[in-house]
Amino acid sequence: MRIQRLQRWQQRQQWHGLLLVIALLASAATLTPASALAQNYPAKTVRLIVPFPPGGSTETLARMVSVKLAEMWGQQIIIDNRPGAGGIIGTELGAKAVPDGYTLLMGSGAPLTIVPGFPAKLAYDPLKDFAPIINVAAVPNVVALHPSVPARNVKELTALARARPDQLTFASNGAGSPGHLAGELLKSMTHTRITHVPYKGSAPATLAVASGETSMTFTTTTAVLPHAKAGRMKIIAVTTLQRVPQFPEYPTVAESGIASLAGYEAISWFGLVAPAAVAPEVVKKIHADALQVINTSDMKSRIAGLGATPIANTPEQFRAQIRDDLAKWARTIKISGAVAD
């Protein structure tokens with residue numbers, strides 16, 4: 001009898017062991033290579049391509065975010081500056097990188113949504129070749145005039161432009177730049193004629209307005225504020241949809257009272273993207289961690305210190321933003337006849 005009970009106990013133990021093995025095998029089967037990669041990501045150094053020279057807004061934001069992510073991940077993140085051709089060279093490099101999540105790109109609006117609107121063929125497609133992860137922040141532009149221009153707001157500026165067709169001028173940091181397209185968008189939405197004057201960089205373009213060489217410019221708050229405080233320029237509007245918290249005294253262009261300018265927006269944004277074929281699980285992992293970093297009070301404060309606004313949207317929202325901006329700038333380029341450098 002004892003032997004029979006022992007045999008039954010041994011059989012039950014073997015059966016339980018078999019059930020455990022089956023359960024473990026089933027669990028392993030559900031763990032795909034992609035999900036396993038996401039669980040272990042990152043297991044080595046990550047490269048973050050910045051398609052502009054050191055010192056600009058793109059690199060500054062990239063370094064701020066990468067330092068915090070590196071601390072969270074326990075892995076090094078190397079900033080790889082690849083400037084040239086208005087961001088095209090570095091952006092192309094990001095599109096062609098191995099899609100394993102270990103090469104990311106700090107994308108920006110110019111090479112991803114403005115440049116594609118010009119006739120020249122690119123080696124990358126902004127929608128097909130990238131997996132948007134998260135839009136980190138947007139830097140507002142302002143409409144700034146030389147003090148001699150007799151306009152206190154956008155409505156008066158528009159009326160002046162209509163009264164003096166082709167006589168007013170606006171400076172930009174180059175044909176096809178965000179500042180150039182911001183001016184062309186205003187012209188197309190108000191049916192006015194203002195002459196574009198391109199310069200080789202934001203600094204000479206801003207100085208051209210401060211000296212009275214040109215009438216106005218559409219550029220970042222960082223470039224204009226020192227001149228505005230010194231009385232050499234006057235800011236009449238911001239180019240965002242809502243007022244900028246750091247500068248609540250400046251109305252938006254859309255607040256001008258001109259119906260055709262409803263919805264006017266011309267901002268510079270900067271966000272993380274990966275090569276298109278990267279595993280969705282890895283995108284979710286990077287997004288979740290980057291979102292946590294951006295939403296800290298310290299990071300929000302540092303972003304605000306740059307005159308920027310945190311965006312921190314979802315990958316789906318980021319893709320929709322890229323798609324909408326592509327259509328908007330392509331339409332603006334076609335209507336205005338703008339050409340790139």
# chains A, B, ... in the order shown; residues from 1 in each chain; ligands from 1
$ closest_atom_pairs --of "region 167-192 of chain A" --to "region 107-111 of chain A" --cutoff "9 Å" --atoms "only C-alpha atoms" --output "CSV"
residue,atom,partner,partner_atom,distance
A:Gly176,CA,A:Ala110,CA,8.5
A:Ser177,CA,A:Ala110,CA,6.8
A:Pro178,CA,A:Ala110,CA,6.2
$ residues_around --residues "region 134-147 of chain A" --least-positions-apart "4" --cutoff "7 Å" --atoms "only C-alpha atoms" --output "MDAnalysis selection string"
chainID A and resid 209:210 212 215:221 232:240 267:272 287 307:315 318
$ closest_residue --among "A:Pro126, A:Pro245, A:Pro204, A:Gly174" --to "Arg319 (chain A)" --atoms "only C-alpha atoms"
A:Pro126
$ atom_distance --atom1 "CA of Gly84 (chain A)" --atom2 "CA of Tyr102 (chain A)"
22.5 Å
$ closest_residue --among "A:Arg331, A:Lys300, A:Arg323, A:Arg243" --to "Leu127 (chain A)" --atoms "only C-alpha atoms"
A:Arg323
$ closest_residue --among "A:Leu168, A:Ala70, A:Ala97, A:Met189" --to "Ser260 (chain A)" --atoms "only C-alpha atoms"
A:Met189
$ atom_distance --atom1 "CA of Pro51 (chain A)" --atom2 "CA of His180 (chain A)"
19.6 Å
$ closest_residue --among "A:Val46, A:Ile194, A:Gln75, A:Ile88" --to "Ala120 (chain A)" --atoms "only C-alpha atoms"
A:Ile88
$ decode --residues "region 167-191 of chain A" --atoms "N, CA and C atoms" --output "PDB file, in the first residue's frame"
ATOM      1  N   GLN A 167       7.572  97.364 -50.925  1.00  0.00           N
ATOM      2  CA  GLN A 167       8.482  98.333 -50.305  1.00  0.00           C
ATOM      3  C   GLN A 167       9.023  97.851 -48.958  1.00  0.00           C
ATOM      4  N   LEU A 168       8.200  97.121 -48.217  1.00  0.00           N
ATOM      5  CA  LEU A 168       8.677  96.540 -46.966  1.00  0.00           C
ATOM      6  C   LEU A 168       9.526  95.314 -47.275  1.00  0.00           C
ATOM      7  N   THR A 169      10.527  95.050 -46.422  1.00  0.00           N
ATOM      8  CA  THR A 169      11.416  93.904 -46.631  1.00  0.00           C
ATOM      9  C   THR A 169      11.485  93.067 -45.358  1.00  0.00           C
ATOM     10  N   PHE A 170      11.689  91.762 -45.517  1.00  0.00           N
ATOM     11  CA  PHE A 170      11.913  90.937 -44.323  1.00  0.00           C
ATOM     12  C   PHE A 170      13.153  90.078 -44.515  1.00  0.00           C
ATOM     13  N   ALA A 171      13.990  90.064 -43.478  1.00  0.00           N
ATOM     14  CA  ALA A 171      15.247  89.324 -43.505  1.00  0.00           C
ATOM     15  C   ALA A 171      15.048  87.915 -42.973  1.00  0.00           C
ATOM     16  N   SER A 172      15.820  86.981 -43.514  1.00  0.00           N
ATOM     17  CA  SER A 172      15.805  85.615 -42.988  1.00  0.00           C
ATOM     18  C   SER A 172      17.227  85.086 -42.994  1.00  0.00           C
ATOM     19  N   ASN A 173      17.423  83.948 -42.350  1.00  0.00           N
ATOM     20  CA  ASN A 173      18.769  83.359 -42.321  1.00  0.00           C
ATOM     21  C   ASN A 173      19.004  82.428 -43.499  1.00  0.00           C
ATOM     22  N   GLY A 174      18.338  82.699 -44.622  1.00  0.00           N
ATOM     23  CA  GLY A 174      18.583  81.955 -45.842  1.00  0.00           C
ATOM     24  C   GLY A 174      17.310  81.543 -46.550  1.00  0.00           C
ATOM     25  N   ALA A 175      17.373  81.483 -47.877  1.00  0.00           N
ATOM     26  CA  ALA A 175      16.218  81.045 -48.653  1.00  0.00           C
ATOM     27  C   ALA A 175      15.884  79.598 -48.307  1.00  0.00           C
ATOM     28  N   GLY A 176      14.610  79.361 -48.028  1.00  0.00           N
ATOM     29  CA  GLY A 176      14.178  78.018 -47.649  1.00  0.00           C
ATOM     30  C   GLY A 176      14.281  77.741 -46.166  1.00  0.00           C
ATOM     31  N   SER A 177      14.711  78.700 -45.388  1.00  0.00           N
ATOM     32  CA  SER A 177      14.835  78.527 -43.935  1.00  0.00           C
ATOM     33  C   SER A 177      13.466  78.681 -43.269  1.00  0.00           C
ATOM     34  N   PRO A 178      13.334  78.260 -42.007  1.00  0.00           N
ATOM     35  CA  PRO A 178      12.054  78.438 -41.303  1.00  0.00           C
ATOM     36  C   PRO A 178      11.599  79.890 -41.249  1.00  0.00           C
ATOM     37  N   GLY A 179      12.544  80.826 -41.046  1.00  0.00           N
ATOM     38  CA  GLY A 179      12.183  82.237 -41.010  1.00  0.00           C
ATOM     39  C   GLY A 179      11.660  82.739 -42.339  1.00  0.00           C
ATOM     40  N   HIS A 180      12.261  82.247 -43.425  1.00  0.00           N
ATOM     41  CA  HIS A 180      11.798  82.611 -44.762  1.00  0.00           C
ATOM     42  C   HIS A 180      10.365  82.125 -44.977  1.00  0.00           C
ATOM     43  N   LEU A 181      10.112  80.860 -44.650  1.00  0.00           N
ATOM     44  CA  LEU A 181       8.780  80.297 -44.879  1.00  0.00           C
ATOM     45  C   LEU A 181       7.737  80.909 -43.950  1.00  0.00           C
ATOM     46  N   ALA A 182       8.154  81.336 -42.738  1.00  0.00           N
ATOM     47  CA  ALA A 182       7.211  82.002 -41.835  1.00  0.00           C
ATOM     48  C   ALA A 182       6.719  83.303 -42.462  1.00  0.00           C
ATOM     49  N   GLY A 183       7.638  84.035 -43.109  1.00  0.00           N
ATOM     50  CA  GLY A 183       7.249  85.269 -43.787  1.00  0.00           C
ATOM     51  C   GLY A 183       6.384  85.000 -45.003  1.00  0.00           C
ATOM     52  N   GLU A 184       6.732  83.975 -45.761  1.00  0.00           N
ATOM     53  CA  GLU A 184       5.952  83.642 -46.950  1.00  0.00           C
ATOM     54  C   GLU A 184       4.541  83.185 -46.575  1.00  0.00           C
ATOM     55  N   LEU A 185       4.435  82.478 -45.443  1.00  0.00           N
ATOM     56  CA  LEU A 185       3.114  82.024 -44.990  1.00  0.00           C
ATOM     57  C   LEU A 185       2.233  83.227 -44.644  1.00  0.00           C
ATOM     58  N   LEU A 186       2.807  84.215 -43.963  1.00  0.00           N
ATOM     59  CA  LEU A 186       2.039  85.419 -43.633  1.00  0.00           C
ATOM     60  C   LEU A 186       1.607  86.146 -44.901  1.00  0.00           C
ATOM     61  N   LYS A 187       2.514  86.257 -45.856  1.00  0.00           N
ATOM     62  CA  LYS A 187       2.196  86.922 -47.122  1.00  0.00           C
ATOM     63  C   LYS A 187       1.068  86.212 -47.855  1.00  0.00           C
ATOM     64  N   SER A 188       1.144  84.882 -47.915  1.00  0.00           N
ATOM     65  CA  SER A 188       0.138  84.127 -48.672  1.00  0.00           C
ATOM     66  C   SER A 188      -1.225  84.179 -48.001  1.00  0.00           C
ATOM     67  N   MET A 189      -1.237  84.220 -46.647  1.00  0.00           N
ATOM     68  CA  MET A 189      -2.514  84.229 -45.928  1.00  0.00           C
ATOM     69  C   MET A 189      -3.168  85.614 -45.920  1.00  0.00           C
ATOM     70  N   THR A 190      -2.356  86.663 -46.158  1.00  0.00           N
ATOM     71  CA  THR A 190      -2.902  88.030 -46.164  1.00  0.00           C
ATOM     72  C   THR A 190      -2.892  88.658 -47.554  1.00  0.00           C
ATOM     73  N   HIS A 191      -2.350  87.926 -48.536  1.00  0.00           N
ATOM     74  CA  HIS A 191      -2.282  88.418 -49.917  1.00  0.00           C
ATOM     75  C   HIS A 191      -1.555  89.759 -49.990  1.00  0.00           C
TER      76      HIS A 191
END
